[in-house]
Structure formats: structure tokens, C-alpha cells
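I have placed the structure first, in the form of C-alpha cells, so that the comments after it can refer back to it.
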Amino acid sequence: MKKSLLSIALTSLLATSAVVSTQASAVEGLSANVAATSNYLWRGLEQTGGSAAISGGVDYAADSGFYAGTWASNASWGDMKTELDLYLGFGGDISENVSYDLGYIYFAYPDSAADENDFSEVYASISAGGFSFGVAVLADSEAGGDGAEFGDSVYANIDYSIALESGAEIGLHIGDYSGDFSTDSTDLGISISKDGFTFGVSKTSFSGEVSGDEEDMKFYVSYAVDIDL
């Protein structure tokens with residue numbers, strides 16, 4: 001759930017990132033990231049019950065286009081408190097203005113009493129100009145006891161970014177989550193980002209009835225720092 005989690009860092013978080021940046025030895029292709037957000041949203045769904053989240057990860061990227069990494073965050077749904085993602089993939093340029101990305105990601109919840117909460121997906125995206133088109137397909141899960149089969153959920157999204165002369169960037173997003181394994185929903189989002197800060201608004205609509213404020217408009221403020229190792 002990493003890619004879209006540009007996250008409001010606390011003073012201690014910034015101090016820690018500065019120490020890591022100055023003390024770490026240089027390793028070609030290796031980088032780290034730390035972030036914080038006022039509300040952790042994934043596909044328009046709250047992962048911390050509307051509370052703040054702090055996250056971080058380490059990535060390796062080779063000149064060939066191969067990459068691999070890990071990312072962790074606090075989470076609070078079901079009985080879990082922690083999310084740990086492991087992923088690898090391959091990306092590159094098709095032409096001067098078109099690029100692609102193919103990969104696999106495993107979502108783990110180490111402190112959950114039920115291993116069936118873990119699941120994995122394969123994903124692909126293509127970007128052209130300011131547009132990005134992506135799809136993620138369920139690969140495996142033990143949910144429900146009997147497990148879920150490949151393709152039992154699909155998430156498709158379209159994103160568009162607009163670069164402003166001020167150096168800020170506006171992001172527009174629409175995504176659709178469907179299938180037997182998923183919560184059928186459509187999420188819309190708009191955000192503005194600059195210098196690591198992001199302010200965003202998200203609205204999710206569900207195909208069936210939902211309780212509480214799940215369809216209410218949700219706001220978040222976030223900050224992210226990338227660190228070369």
C-alpha cells in the first residue's frame with residue numbers, strides 16, 4: 001500500500017531522517033523513505049481508523065530496471081497493528097514519453113492472530129505524459145478459510161498529474177475495486193503536493209450499504225522524505 005502514501009512528519013521523524021542521511025554509507029541503487037500522514041488511506045479505505053500513521057521503507061533499484069523493497073506502517077483494522085509490504089518488479093521506458101511498471105507485492109500483518117489476513121497481488125501500470133493507468137490483481141490469499149483464487153479481486157485506476165510553475169503538483173485520481181475478495185467501491189481523489197508535503201481529499205462510494213461514515217469525504221495532510229543510502 002506504499003506507492004500512494006506520501007505522508008505530516010513529526011519533528012522527531014525529520015530529525016531521525018537527517019541522522020540516517022548523514023551517517024549511512026553510499027550504496028549504489030539503495031534508498032530509504034520515511035513518512036507520516038494524518039490519515040492512512042488505501043484505495044479510499046481508512047487503514048488506521050482515521051488516525052495518524054508513520055511509515056518507512058528501504059528500496060533497491062538496478063540500472064536494468066529491476067527493483068525490490070520493503071515498507072512498513074502502523075495499521076488498525078481487525079486485530080492488526082502493523083502492516084509489512086514486500087515487493088519486487090521491473091520498470092523502464094518504452095519511449096521518451098511512455099514508461100511501464102510490472103511487479104508483485106505481498107501484504108503481511110505480522111501481529112495478526114490470523115495468517116489469512118495476508119494476501120498478495122500482481123500489478124502493472126503504464127504512464128504517458130501526465131497520465132498513469134494501472135491494474136492490480138489478487139494473486140493469493142487464505143481469507144475466509146478456503147482461500148481466494150487468482151483474479152478474485154481487481155483494482156483499476158487512472159491518475160493524472162499537473163505540474164505547476166510554482167513547483168507544486170496537482171494529482172487527480174479515480175479507482176475501482178471489485179471482486180469476491182474486495183469491498184466493491186469506487187474512490188475519487190485530488191491532491192496538491194510540494195517539497196514533500198501533500199494535502200489531499202478522498203471520497204469513496206460503495207456498491208452496497210455501509211455503516212458509519214465510510215462514504216464521508218476524507219482529508220489528509222502528509223509529509224515524506226527520501227534518503228539516498
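Ordering of the C-alpha cells sets the chain letters (A, B, ...); residue numbers start at 1 within each chain; ligands are numbered from 1 in the order shown.
Taking only C-alpha atoms, the non-local environment of A:Ser51 within 10 Å (same-chain residues fewer than 3 positions away omitted) comprises Thr37, Ser38, Asn39, Tyr40, Glu46, Gln47, Thr48, Ala75, Ser76 and Tyr220 of chain A.
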Check your understanding: Which residues come within 8 Å of A:Phe90, counting only C-alpha atoms, excluding same-chain residues fewer than 4 positions away, as a list in words?
Key -> Gly65, Phe66, Tyr67, Asp101, Leu102 and Gly103 of chain A
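Using only C-alpha atoms, the smallest distance between any of A:Ser112, A:Ser127, A:Ser191, A:Thr186 and A:Glu169 comes from A:Ser191.
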Review point. Which residues, written as JSON, numbers by chain, have at least one atom at most 8 Å from A:Gly69, with only C-alpha atoms counted and residues fewer than 2 positions away on the same chain left out?
Key: {"A": [57, 58, 59, 60, 67, 71, 86, 87, 88]}
Review point. If you count only C-alpha atoms, which residues fall within 6 Å of A:Ala128, apart from same-chain ones fewer than 2 positions away, as JSON, numbers by chain?
Key: {"A": [97, 98, 131]}
Since we have the selection now, will you write its residues out, keeping N, CA and C atoms, as a PDB file, in the first residue's frame?
```
ATOM      1  N   ASN A  97       8.388   9.365 -23.848  1.00  0.00           N
ATOM      2  CA  ASN A  97       7.265   9.845 -23.034  1.00  0.00           C
ATOM      3  C   ASN A  97       6.416   8.738 -22.420  1.00  0.00           C
ATOM      4  N   VAL A  98       6.780   7.489 -22.655  1.00  0.00           N
ATOM      5  CA  VAL A  98       5.973   6.368 -22.180  1.00  0.00           C
ATOM      6  C   VAL A  98       6.842   5.423 -21.355  1.00  0.00           C
ATOM      7  N   PHE A 131      -0.497  11.138 -17.599  1.00  0.00           N
ATOM      8  CA  PHE A 131      -1.447  10.072 -17.267  1.00  0.00           C
ATOM      9  C   PHE A 131      -0.734   8.809 -16.794  1.00  0.00           C
TER      10      PHE A 131
END
```
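Distance annotation: of A:Ala62, A:Ile105, A:Ala113, A:Leu41, the residue with the minimal separation from A:Leu138 is A:Ile105; atom set is only C-alpha atoms.
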Review point. Which residues in stretch 42-144 of chain A does DSSP call strand (DSSP E or B)? List them as a VMD selection string.
Key: chain A and resid 42 45 to 46 53 to 61 66 to 74 82 to 93 98 to 108 119 to 128 131 to 141
Practice item. Enumerate, as a list in words, the complete set of residues in chain A that a backbone-based DSSP assignment places in alpha helix (DSSP H). Key: Thr11, Ser12, Leu13, Leu14, Ala15, Thr16, Ser17, Ala18, Val19, Val20, Ser21, Thr22 and Gln23 of chain A
Practice item. Go through A:Phe133, A:Phe206, A:Trp77, A:Phe150 one by one, measure the shortest atom-to-atom distance of each to A:Tyr109 using only C-alpha atoms, and give the residue with the smallest value. Key: A:Trp77
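Of note, atom CA of A:Asp226 and atom CA of A:Ile54 are spaced 14.1 Å apart.
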Exercise for review: Determine the nearest neighbour of A:Asp159 from the options A:Val137, A:Leu84, A:Ile190, A:Leu30, counting only C-alpha atoms.
Suggested key: A:Ile190
